[in-house]
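Colleague: run_10.cif is the file, holding mmCIF, C-alpha atoms:
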```cif
data_upload
#
loop_
_atom_site.label_atom_id
_atom_site.label_comp_id
_atom_site.auth_asym_id
_atom_site.auth_seq_id
_atom_site.Cartn_x
_atom_site.Cartn_y
_atom_site.Cartn_z
CA MET Z 26 38.67 9.72 -17.60
CA LYS Z 27 36.15 12.19 -19.03
CA LYS Z 28 34.22 9.31 -20.59
CA ILE Z 29 34.07 7.52 -17.24
CA LEU Z 30 32.88 10.65 -15.41
CA ALA Z 31 30.22 11.19 -18.06
CA LYS Z 32 28.56 7.85 -17.29
CA ASN Z 33 25.78 7.60 -14.71
CA GLU Z 34 27.10 4.17 -13.72
CA PHE Z 35 30.24 5.78 -12.28
CA TYR Z 36 28.24 7.84 -9.79
CA LEU Z 37 26.01 4.92 -8.83
CA PHE Z 38 29.07 2.71 -8.30
CA THR Z 39 30.65 5.41 -6.11
CA ILE Z 40 27.51 5.74 -3.98
CA LEU Z 41 27.19 1.96 -3.70
CA PHE Z 42 30.85 1.65 -2.69
CA VAL Z 43 30.48 4.28 0.04
CA ILE Z 44 27.33 2.63 1.41
CA CYS Z 45 28.95 -0.82 1.47
CA MET Z 46 32.07 0.47 3.21
CA THR Z 47 29.92 2.35 5.75
CA ILE Z 48 27.77 -0.67 6.58
CA GLY Z 49 30.82 -2.96 6.60
CA GLY Z 50 32.66 -0.57 8.91
CA MET Z 51 29.75 -0.55 11.35
CA ASN Z 52 29.22 -4.30 11.22
CA SER Z 53 31.87 -6.66 9.84
CA VAL Z 54 29.22 -9.33 9.25
CA PHE Z 55 28.29 -7.46 6.07
CA PHE Z 56 31.47 -8.63 4.31
CA SER Z 57 31.19 -12.22 5.54
CA LEU Z 58 30.86 -14.96 2.92
CA GLY Z 59 27.55 -16.06 4.38
CA ASN Z 60 26.04 -12.58 4.02
CA MET Z 61 27.34 -12.26 0.45
CA VAL Z 62 25.65 -15.56 -0.46
CA ASP Z 63 22.40 -14.39 1.17
CA LEU Z 64 22.52 -11.09 -0.75
CA LEU Z 65 23.10 -12.84 -4.07
CA ARG Z 66 20.33 -15.34 -3.42
CA THR Z 67 17.88 -12.55 -2.59
CA ALA Z 68 18.79 -10.63 -5.75
CA ILE Z 69 18.10 -13.49 -8.18
CA PRO Z 70 14.34 -13.11 -8.83
CA TYR Z 71 14.51 -9.30 -8.68
CA GLY Z 72 17.31 -9.37 -11.25
CA ILE Z 73 15.35 -11.58 -13.64
CA PHE Z 74 12.27 -9.36 -13.44
CA ALA Z 75 14.41 -6.22 -13.87
CA ILE Z 76 15.93 -7.50 -17.12
CA GLY Z 77 12.51 -7.85 -18.72
CA ILE Z 78 11.44 -4.39 -17.59
CA MET Z 79 14.72 -2.84 -18.70
CA ILE Z 80 14.16 -4.07 -22.25
CA VAL Z 81 10.67 -2.56 -22.27
CA ILE Z 82 11.79 0.80 -20.85
CA VAL Z 83 14.75 1.04 -23.24
CA SER Z 84 12.25 0.60 -26.09
CA GLY Z 85 10.31 3.61 -24.82
CA GLY Z 86 7.51 1.63 -23.17
CA ILE Z 87 6.47 0.49 -19.73
CA ASP Z 88 5.06 -2.76 -18.35
CA ILE Z 89 3.38 -2.96 -14.95
CA SER Z 90 1.56 -6.20 -15.70
CA PHE Z 91 4.59 -8.47 -15.23
CA PRO Z 92 3.81 -9.49 -11.59
CA ALA Z 93 0.37 -10.66 -12.71
CA ILE Z 94 1.93 -12.50 -15.68
CA ALA Z 95 4.48 -14.15 -13.38
CA THR Z 96 1.82 -15.17 -10.89
CA LEU Z 97 -0.74 -16.49 -13.38
CA SER Z 98 1.70 -18.40 -15.58
CA THR Z 99 3.45 -20.09 -12.66
CA TYR Z 100 0.28 -20.87 -10.70
CA VAL Z 101 -1.48 -22.43 -13.68
CA THR Z 102 1.58 -24.57 -14.40
CA LEU Z 103 1.74 -25.72 -10.79
CA LEU Z 104 -1.94 -26.64 -10.86
CA VAL Z 105 -1.38 -28.75 -13.98
CA PHE Z 106 1.43 -30.69 -12.34
CA THR Z 107 -0.01 -31.03 -8.84
CA ASN Z 108 -3.38 -32.19 -10.18
CA GLY Z 109 -1.52 -34.63 -12.39
CA ASN Z 110 -0.07 -36.47 -9.38
CA ASN Z 111 3.25 -34.59 -9.57
CA GLU Z 112 4.00 -35.74 -13.08
CA GLY Z 113 6.31 -33.86 -15.41
CA ASN Z 114 9.82 -32.58 -14.88
CA LEU Z 115 11.68 -29.38 -14.10
CA LEU Z 116 12.34 -28.49 -17.73
CA LEU Z 117 8.65 -28.87 -18.56
CA PHE Z 118 7.74 -26.71 -15.57
CA PHE Z 119 9.91 -23.86 -16.87
CA LEU Z 120 8.84 -24.40 -20.48
CA ILE Z 121 5.09 -24.27 -19.84
CA SER Z 122 5.41 -21.27 -17.50
CA CYS Z 123 7.45 -19.35 -20.08
CA LEU Z 124 5.06 -20.27 -22.89
CA ILE Z 125 2.08 -18.93 -20.93
CA GLY Z 126 4.09 -15.81 -20.06
CA LEU Z 127 4.96 -15.32 -23.73
CA LEU Z 128 1.30 -15.47 -24.77
CA LEU Z 129 0.24 -13.05 -22.02
CA GLY Z 130 3.05 -10.67 -22.94
CA LEU Z 131 2.08 -10.79 -26.61
CA VAL Z 132 -1.39 -9.60 -25.65
CA ASN Z 133 0.24 -6.40 -24.39
CA GLY Z 134 2.31 -6.16 -27.56
CA PHE Z 135 -0.76 -6.67 -29.74
CA PHE Z 136 -2.61 -3.62 -28.43
CA ILE Z 137 0.49 -1.43 -28.06
CA ALA Z 138 2.08 -2.22 -31.43
CA LEU Z 139 -0.94 -2.62 -33.70
CA PHE Z 140 -3.30 -0.07 -32.17
CA ASP Z 141 -0.72 2.32 -30.72
CA PHE Z 142 -2.41 2.32 -27.32
CA PRO Z 143 -0.46 3.89 -24.42
CA PRO Z 144 1.69 1.16 -22.78
CA LEU Z 145 0.86 2.31 -19.26
CA ILE Z 146 -2.89 2.04 -19.84
CA VAL Z 147 -2.63 -1.29 -21.66
CA THR Z 148 -0.44 -2.98 -19.06
CA LEU Z 149 -2.52 -1.53 -16.21
CA ALA Z 150 -5.61 -3.03 -17.84
CA THR Z 151 -4.03 -6.42 -18.50
CA GLN Z 152 -2.67 -6.51 -14.95
CA SER Z 153 -6.22 -6.23 -13.63
CA ILE Z 154 -7.48 -8.77 -16.16
CA TYR Z 155 -4.77 -11.33 -15.36
CA TYR Z 156 -5.28 -10.99 -11.61
CA GLY Z 157 -9.02 -11.27 -12.22
CA ILE Z 158 -8.52 -14.49 -14.19
CA GLN Z 159 -6.23 -15.78 -11.46
CA TYR Z 160 -8.67 -15.30 -8.57
CA THR Z 161 -11.88 -16.02 -10.51
CA PHE Z 162 -10.92 -19.24 -12.28
CA PHE Z 163 -7.93 -20.60 -10.35
CA GLY Z 164 -8.46 -19.30 -6.83
CA SER Z 165 -6.12 -17.85 -4.23
CA LYS Z 166 -5.17 -21.00 -2.34
CA ARG Z 167 -1.47 -21.44 -1.57
CA LEU Z 168 0.06 -24.49 -3.17
CA THR Z 169 2.51 -25.91 -0.65
CA PHE Z 170 2.77 -29.51 -1.83
CA LEU Z 171 5.02 -29.02 -4.84
CA PRO Z 172 6.44 -31.75 -7.06
CA GLU Z 173 9.59 -33.31 -5.62
CA TYR Z 174 11.79 -32.20 -8.52
CA ILE Z 175 10.94 -28.56 -7.72
CA ASN Z 176 11.79 -29.01 -4.05
CA ALA Z 177 15.02 -30.77 -4.98
CA PHE Z 178 16.04 -27.98 -7.36
CA SER Z 179 15.35 -25.36 -4.67
CA LYS Z 180 17.88 -27.08 -2.38
CA ALA Z 181 20.52 -27.73 -5.06
CA GLY Z 182 23.67 -25.65 -4.90
CA LEU Z 183 26.70 -24.81 -6.99
CA PHE Z 184 28.91 -24.85 -3.91
CA THR Z 185 28.75 -24.49 -0.13
CA VAL Z 186 30.36 -21.70 1.88
CA VAL Z 187 31.33 -22.21 5.53
CA ASP Z 188 31.86 -19.08 7.65
CA GLU Z 189 34.11 -18.60 10.66
CA ASN Z 190 31.32 -19.77 13.00
CA GLY Z 191 30.98 -23.07 11.19
CA MET Z 192 27.64 -22.22 9.57
CA SER Z 193 27.23 -23.42 5.99
CA TYR Z 194 25.55 -21.48 3.19
CA ILE Z 195 24.51 -23.07 -0.09
CA PHE Z 196 25.00 -20.95 -3.21
CA PRO Z 197 21.87 -21.82 -5.23
CA VAL Z 198 22.13 -23.40 -8.64
CA TYR Z 199 19.29 -21.26 -9.98
CA PHE Z 200 21.73 -18.33 -9.92
CA LEU Z 201 22.77 -19.70 -13.32
CA ILE Z 202 19.33 -18.74 -14.66
CA LEU Z 203 19.93 -15.10 -13.75
CA ALA Z 204 23.44 -15.25 -15.24
CA PHE Z 205 22.09 -16.76 -18.47
CA VAL Z 206 19.33 -14.15 -18.87
CA LEU Z 207 21.78 -11.32 -18.15
CA LEU Z 208 24.24 -12.64 -20.73
CA LEU Z 209 21.52 -13.20 -23.32
CA ALA Z 210 20.09 -9.70 -22.83
CA PHE Z 211 23.57 -8.18 -23.08
CA LEU Z 212 24.34 -10.00 -26.34
CA VAL Z 213 20.97 -9.18 -27.90
CA LEU Z 214 21.03 -5.49 -26.97
CA ARG Z 215 24.70 -4.98 -27.82
CA TYR Z 216 25.33 -7.08 -30.90
CA THR Z 217 22.08 -7.76 -32.78
CA PHE Z 218 20.03 -5.78 -35.26
CA ALA Z 219 16.97 -6.21 -33.02
CA GLY Z 220 18.89 -4.81 -30.05
CA ARG Z 221 19.88 -1.71 -31.99
CA GLY Z 222 16.27 -1.35 -33.06
CA ILE Z 223 15.06 -1.46 -29.46
CA PHE Z 224 17.35 1.43 -28.55
CA ALA Z 225 16.36 3.26 -31.74
CA ILE Z 226 12.60 3.18 -31.14
CA GLY Z 227 13.19 4.21 -27.52
CA GLY Z 228 15.15 7.23 -28.70
CA SER Z 229 12.78 8.25 -31.49
CA LYS Z 230 10.13 6.04 -33.02
CA SER Z 231 9.83 8.15 -36.16
CA SER Z 232 13.60 8.13 -36.70
CA ALA Z 233 13.66 4.36 -36.22
CA VAL Z 234 11.06 3.99 -38.97
CA ARG Z 235 13.07 6.20 -41.31
CA VAL Z 236 16.24 4.13 -40.93
CA GLY Z 237 14.37 0.92 -41.70
CA PHE Z 238 13.39 -0.70 -38.39
CA ASN Z 239 10.07 -2.52 -38.21
CA VAL Z 240 8.81 -0.72 -35.12
CA LYS Z 241 5.56 -2.66 -34.70
CA LEU Z 242 7.31 -6.03 -34.92
CA LEU Z 243 9.97 -4.94 -32.44
CA GLN Z 244 7.36 -3.70 -29.96
CA PHE Z 245 5.50 -6.98 -30.35
CA LEU Z 246 8.68 -8.92 -29.62
CA VAL Z 247 9.69 -6.68 -26.70
CA TYR Z 248 6.45 -7.28 -24.80
CA GLY Z 249 6.54 -10.97 -25.67
CA ALA Z 250 10.07 -11.15 -24.24
CA SER Z 251 8.96 -9.22 -21.16
CA GLY Z 252 6.16 -11.71 -20.53
CA THR Z 253 8.50 -14.67 -21.01
CA ILE Z 254 11.12 -13.26 -18.63
CA ALA Z 255 8.39 -12.40 -16.09
CA ALA Z 256 7.17 -16.01 -16.15
CA LEU Z 257 10.74 -17.25 -15.75
CA GLY Z 258 11.22 -14.94 -12.77
CA GLY Z 259 7.95 -16.14 -11.30
CA ALA Z 260 9.05 -19.77 -11.66
CA VAL Z 261 12.37 -19.04 -9.95
CA TYR Z 262 10.62 -17.14 -7.15
CA THR Z 263 8.23 -20.06 -6.63
CA ILE Z 264 11.20 -22.42 -6.41
CA MET Z 265 12.88 -20.13 -3.87
CA ILE Z 266 9.91 -19.89 -1.50
CA ARG Z 267 8.80 -23.49 -2.26
CA GLN Z 268 5.14 -22.63 -2.65
CA GLY Z 269 2.72 -21.16 -5.13
CA ASN Z 270 1.36 -17.99 -3.53
CA PRO Z 271 -0.92 -15.86 -5.77
CA ALA Z 272 -0.46 -12.80 -3.56
CA SER Z 273 3.32 -12.88 -3.13
CA LEU Z 274 4.20 -10.62 -6.08
CA ILE Z 275 1.45 -8.02 -5.76
CA GLY Z 276 2.93 -4.51 -5.75
CA LEU Z 277 6.32 -5.63 -7.06
CA GLU Z 278 6.11 -3.50 -10.20
CA MET Z 279 7.24 -0.25 -8.55
CA THR Z 280 10.15 -1.99 -6.83
CA ILE Z 281 11.46 -3.41 -10.09
CA ILE Z 282 10.99 -0.13 -11.96
CA SER Z 283 12.94 1.57 -9.16
CA ILE Z 284 15.80 -0.89 -9.62
CA VAL Z 285 15.84 -0.21 -13.35
CA VAL Z 286 15.78 3.57 -12.91
CA LEU Z 287 18.51 3.39 -10.26
CA GLY Z 288 20.56 1.47 -12.80
CA GLY Z 289 20.69 4.53 -15.04
CA ILE Z 290 18.16 3.31 -17.60
CA ASP Z 291 16.42 6.39 -18.98
CA ILE Z 292 12.70 6.18 -18.15
CA ASN Z 293 12.00 7.95 -21.46
CA GLY Z 294 13.75 5.18 -23.39
CA GLY Z 295 16.74 4.87 -25.68
CA LYS Z 296 19.47 4.69 -23.01
CA GLY Z 297 20.67 2.05 -20.61
CA SER Z 298 23.13 -0.77 -20.03
CA ILE Z 299 23.24 -4.19 -18.41
CA PHE Z 300 26.13 -3.05 -16.20
CA GLY Z 301 24.01 -0.17 -14.90
CA LEU Z 302 21.15 -2.58 -14.23
CA ILE Z 303 23.48 -4.81 -12.18
CA LEU Z 304 24.56 -1.79 -10.13
CA GLY Z 305 20.94 -0.79 -9.55
CA LEU Z 306 20.12 -4.34 -8.47
CA ALA Z 307 23.13 -4.40 -6.12
CA PHE Z 308 22.17 -1.05 -4.63
CA PHE Z 309 18.59 -2.18 -3.97
CA THR Z 310 19.68 -5.52 -2.51
CA VAL Z 311 22.17 -3.95 -0.13
CA ILE Z 312 19.68 -1.35 1.14
CA ASN Z 313 16.82 -3.84 1.29
CA ASN Z 314 18.72 -6.48 3.26
CA SER Z 315 21.51 -4.78 5.18
CA LEU Z 316 19.99 -1.91 7.16
CA ILE Z 317 19.32 -4.28 10.03
CA LEU Z 318 23.08 -4.85 10.32
CA VAL Z 319 23.52 -1.22 11.39
CA GLU Z 320 20.53 -1.43 13.74
CA ILE Z 321 18.15 0.49 11.48
CA SER Z 322 14.59 -0.82 11.32
CA SER Z 323 13.65 -2.55 8.09
CA TYR Z 324 10.70 -0.16 7.85
CA TRP Z 325 13.18 2.56 6.89
CA LYS Z 326 14.31 0.80 3.73
CA THR Z 327 11.54 2.33 1.59
CA LEU Z 328 12.41 5.81 2.82
CA VAL Z 329 16.13 5.25 2.19
CA LEU Z 330 15.47 3.95 -1.33
CA GLY Z 331 13.25 6.94 -2.07
CA ILE Z 332 15.90 9.39 -0.88
CA ALA Z 333 18.55 7.54 -2.88
CA MET Z 334 16.44 7.75 -6.05
CA TYR Z 335 15.85 11.45 -5.45
CA LEU Z 336 19.57 12.15 -5.00
CA TYR Z 337 20.46 10.06 -8.03
CA ALA Z 338 17.88 11.91 -10.13
CA ALA Z 339 19.36 15.20 -8.89
CA VAL Z 340 22.84 14.12 -10.03
CA ILE Z 341 21.53 13.18 -13.48
CA ALA Z 342 19.63 16.47 -13.77
CA TYR Z 343 22.71 18.45 -12.72
CA LYS Z 344 24.82 16.67 -15.31
CA GLY Z 345 22.18 17.43 -17.93
CA LYS Z 346 22.27 21.13 -17.11
CA ILE Z 347 26.06 21.20 -17.38
CA ARG Z 348 25.89 19.40 -20.73
CA ASP Z 349 23.24 21.80 -22.06
CA LYS Z 350 25.32 24.78 -20.89
CA GLN Z 351 28.37 23.44 -22.72
CA VAL Z 352 26.33 22.95 -25.88
CA HIS Z 353 25.01 26.52 -25.71
CA GLU Z 354 28.54 27.86 -25.18
CA ILE Z 355 29.81 25.96 -28.22
CA ASP Z 356 26.87 27.20 -30.32
CA GLY Z 357 27.55 30.76 -29.14
CA GLN Z 358 31.21 30.52 -30.11
CA ASP Z 359 30.26 29.19 -33.55
CA LEU Z 360 27.87 32.11 -34.08
CA GLN Z 361 30.56 34.61 -33.07
CA LYS Z 362 33.03 33.06 -35.55
CA LYS Z 363 30.42 33.27 -38.34
CA GLY Z 364 29.76 36.92 -37.41
CA ARG Z 365 33.45 37.81 -37.70
CA LYS Z 366 33.62 36.18 -41.13
CA CYS Z 367 30.67 38.24 -42.29
#
```
Turn this file's structure into structure tokens for me.
Modeller:
Amino acid sequence: MKKILAKNEFYLFTILFVICMTIGGMNSVFFSLGNMVDLLRTAIPYGIFAIGIMIVIVSGGIDISFPAIATLSTYVTLLVFTNGNNEGNLLLFFLISCLIGLLLGLVNGFFIALFDFPPLIVTLATQSIYYGIQYTFFGSKRLTFLPEYINAFSKAGLFTVVDENGMSYIFPVYFLILAFVLLLAFLVLRYTFAGRGIFAIGGSKSSAVRVGFNVKLLQFLVYGASGTIAALGGAVYTIMIRQGNPASLIGLEMTIISIVVLGGIDINGGKGSIFGLILGLAFFTVINNSLILVEISSYWKTLVLGIAMYLYAAVIAYKGKIRDKQVHEIDGQDLQKKGRKC
């Protein structure tokens, strides 16, 4: 029980449970199958983006260029296919988008790993550069006439849910992409040498070097993975909205970082879990999409999320003070024992 209470995920789960029960008690529609499907569908692209950013933050870095990477990689791929008379296929669409995202992410890794530039400055610069490339060379026109295989995939479902009013809701097949990325990230971070290295350099870069981790290579790979996942999230988001919109992801970086922080991932690096990330994603999705069910204007969602982050940070800080106090008490007792022996 003490181990459970020591985890930040326990407190986030408790808060999320209380909020869900409150909203559900005020409006029973919240717990309807149709609403659950809508919530899960909405969470898919946010979840994919959050996984990439979680990996970066756990490694002790930050990446605010991922919306620009997602936009540029997906838009360029769409232009290739639409100008080619809708040739290609869905697998090629994902593959090319992810390859472009990988290359753009590696640019971040190059300057951060090899030159030890601050991640915030580097990714802020590349964000501006990528958006500049987007609007200068490829334009800002919305692409609404997508290849048929993309439109077909956006409508495909794993199953259909029918509520008590007879309305049907399709559970999207692209949910499997989120599930796959979550599972892959969990396995890599939990069971691989590279995963342990990512946590190690986030905790202490110098200590990671001393125990034998190749810090520069790991940083290079982390930002490459972040770019790839960003491109994948951008492709899924494009499929969801069924258009290529260069402006649709602008400003998303703070939202995703908020999800990651709410999930208990330490912004200083070295700590975090996939389960915590899922809780943070669930918390954001519920607040972002369910306030209207209790007749609260959607304009309040930003304020509510800000207050929630503040309260969550206060809980973590309070726990830290208690832990530090316990450590000091133990150290004081040890000193008293040594004094008696002397």
Colleague: So what does the PyMOL selection byres ((chain Z and resi 241) around 9) actually pick up in this one, as a list of chain:residue names?
Modeller: Z:Gly134, Z:Phe135, Z:Ile137, Z:Ala138, Z:Leu139, Z:Asp141, Z:Phe238, Z:Asn239, Z:Val240, Z:Leu242, Z:Leu243, Z:Gln244, Z:Phe245, Z:Leu246
Colleague: Please list as a list in words every residue within 9 Å of Asp291 in chain Z, counting all atoms listed in the file and excluding residues in the same chain fewer than 6 positions away.
Modeller: Ile82, Val83, Gly85, Val285 and Gly297 of chain Z
Colleague: Which residue is closest to Met265 in chain Z? Choose from Z:Ser193, Z:Ser251, Z:Asn176, Z:Asn313 and count only C-alpha atoms.
Modeller: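 Ranked by minimum distance to Met265 in chain Z, first place goes to Z:Asn176.
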Colleague: Can you give me, as number ranges by chain, the residues this file yields under the PyMOL selection byres ((chain Z and resi 120-123) around 10)?
Modeller: Z: 94-103, 105, 114-119, 124-129, 250, 252-260
Colleague: Which residues, named as in the file, does the PyMOL selection byres ((chain Z and resi 187) around 12) pick out? Answer as a list in words.
Modeller: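 So the PyMOL selection byres ((chain Z and resi 187) around 12) ends up selecting Ser57, Leu58, Gly59, Asn60, Met61, Val62, Phe184, Thr185, Val186, Asp188, Glu189, Asn190, Gly191, Met192, Ser193, Tyr194, Ile195 and Phe196 of chain Z.
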Colleague: What does the distance between CA of Asn33 in chain Z and CA of Gly289 in chain Z come to in Å, to one decimal place?
Modeller: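 Separation between CA of Asn33 in chain Z and CA of Gly289 in chain Z: 6.0 Å.
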Colleague: If you count all atoms listed in the file, which residues fall within 9 Å of Asn133 in chain Z, apart from same-chain ones fewer than 6 positions away, as a list in words?
Modeller: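 Non-adjacent residues within range: Asp88, Ser90, Pro144, Val147, Thr148, Thr151, Phe245, Tyr248, Gly249 and Gly252 of chain Z.
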Colleague: To one decimal place, how far is CA of Leu41 in chain Z from CA of Tyr199 in chain Z in Å?
Modeller: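 Atom-to-atom, CA of Leu41 in chain Z to CA of Tyr199 in chain Z, that is 25.3 Å.
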Colleague: Would you compute the distance between CA of Met334 in chain Z and CA of Leu287 in chain Z? Give it in Å to one decimal.
Modeller: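 One can read the CA of Met334 in chain Z to CA of Leu287 in chain Z distance as 6.4 Å.
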Colleague: For range 204-221 of chain Z, work out the shell of residues within 8 Å, counting all atoms listed in the file and skipping chain neighbours fewer than 2 positions away, then give it as a PyMOL selection string.
Modeller: chain Z and resi 73+76+200-202+223-225+243+299
Colleague: If I put a ball of radius 10 Å at (21.0, -1.7, -1.4) in the file's coordinates, which residues poke into it when counting all atoms listed in the file, written as a list in words?
Modeller: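 Output: Leu41, Ile44, Cys45, Leu64, Ile284, Leu304, Gly305, Leu306, Ala307, Phe308, Phe309, Thr310, Val311, Ile312, Asn313, Asn314, Ser315, Leu316, Lys326, Val329, Leu330 and Ala333 of chain Z.
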Colleague: Contacts of Val198 in chain Z at 9 Å or less, counting all atoms listed in the file, minus same-chain residues fewer than 6 places along, as a ChimeraX atom specification?
Modeller: /Z:178-184
Colleague: How would the residues just picked look written out with C-alpha atoms as a JSON list (two decimals), keeping the file's coordinate frame?
Modeller:
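Wrote part-v2.json, looks like this:
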```json
[["chain", "number", "residue", "atom", "x", "y", "z"],
["Z", 178, "PHE", "CA", 16.04, -27.98, -7.36],
["Z", 179, "SER", "CA", 15.35, -25.36, -4.67],
["Z", 180, "LYS", "CA", 17.88, -27.08, -2.38],
["Z", 181, "ALA", "CA", 20.52, -27.73, -5.06],
["Z", 182, "GLY", "CA", 23.67, -25.65, -4.90],
["Z", 183, "LEU", "CA", 26.70, -24.81, -6.99],
["Z", 184, "PHE", "CA", 28.91, -24.85, -3.91]]
```
Colleague: Quick one: residues within 8 Å of Ile226 in chain Z, only C-alpha atoms counted, chain neighbours fewer than 5 positions away excluded, as a list in words?
Modeller: Ser84, Gly85, Ser231, Ser232, Ala233, Val240 and Gly295 of chain Z
Colleague: Between Z:Ile154, Z:Ala339, Z:Ile175, Z:Met46, which has the minimum distance to Tyr262 in chain Z (counting all atoms listed in the file)?
Modeller: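 Distance minimum relative to Tyr262 in chain Z lands on Z:Ile175.
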Colleague: Could all heavy atoms be built for range 87-93 of chain Z and written out as a short mmCIF file (atom, residue, chain, number, x, y, z; two decimals), in the coordinates of the input?
Modeller:
```cif
data_model
loop_
_atom_site.label_atom_id
_atom_site.label_comp_id
_atom_site.auth_asym_id
_atom_site.auth_seq_id
_atom_site.Cartn_x
_atom_site.Cartn_y
_atom_site.Cartn_z
N ILE Z 87 6.55 0.80 -21.15
CA ILE Z 87 6.47 0.49 -19.73
C ILE Z 87 5.59 -0.75 -19.59
O ILE Z 87 4.68 -0.97 -20.40
CB ILE Z 87 5.92 1.68 -18.90
CG1 ILE Z 87 6.15 1.48 -17.40
CG2 ILE Z 87 4.45 1.88 -19.19
CD1 ILE Z 87 7.57 1.61 -16.97
N ASP Z 88 5.87 -1.56 -18.58
CA ASP Z 88 5.06 -2.76 -18.35
C ASP Z 88 4.89 -2.95 -16.85
O ASP Z 88 5.84 -3.25 -16.14
CB ASP Z 88 5.74 -3.99 -18.96
CG ASP Z 88 4.90 -5.25 -18.81
OD1 ASP Z 88 3.76 -5.16 -18.30
OD2 ASP Z 88 5.37 -6.33 -19.21
N ILE Z 89 3.65 -2.74 -16.37
CA ILE Z 89 3.38 -2.96 -14.95
C ILE Z 89 2.54 -4.21 -14.74
O ILE Z 89 2.08 -4.47 -13.63
CB ILE Z 89 2.68 -1.74 -14.32
CG1 ILE Z 89 1.36 -1.45 -15.02
CG2 ILE Z 89 3.60 -0.52 -14.37
CD1 ILE Z 89 0.56 -0.36 -14.34
N SER Z 90 2.36 -4.98 -15.80
CA SER Z 90 1.56 -6.20 -15.70
C SER Z 90 2.40 -7.43 -15.39
O SER Z 90 1.85 -8.52 -15.19
CB SER Z 90 0.79 -6.44 -17.01
OG SER Z 90 1.67 -6.77 -18.07
N PHE Z 91 3.74 -7.29 -15.34
CA PHE Z 91 4.59 -8.47 -15.23
C PHE Z 91 4.39 -9.27 -13.94
O PHE Z 91 4.51 -10.49 -13.96
CB PHE Z 91 6.07 -8.08 -15.41
CG PHE Z 91 6.66 -7.32 -14.28
CD1 PHE Z 91 7.28 -7.98 -13.23
CD2 PHE Z 91 6.62 -5.93 -14.26
CE1 PHE Z 91 7.84 -7.26 -12.18
CE2 PHE Z 91 7.18 -5.22 -13.22
CZ PHE Z 91 7.79 -5.89 -12.17
N PRO Z 92 4.07 -8.63 -12.76
CA PRO Z 92 3.81 -9.49 -11.59
C PRO Z 92 2.60 -10.39 -11.79
O PRO Z 92 2.60 -11.55 -11.36
CB PRO Z 92 3.58 -8.47 -10.46
CG PRO Z 92 4.24 -7.22 -10.92
CD PRO Z 92 4.03 -7.21 -12.39
N ALA Z 93 1.56 -9.85 -12.44
CA ALA Z 93 0.37 -10.66 -12.71
C ALA Z 93 0.69 -11.77 -13.71
O ALA Z 93 0.19 -12.90 -13.57
CB ALA Z 93 -0.75 -9.76 -13.26
#
```
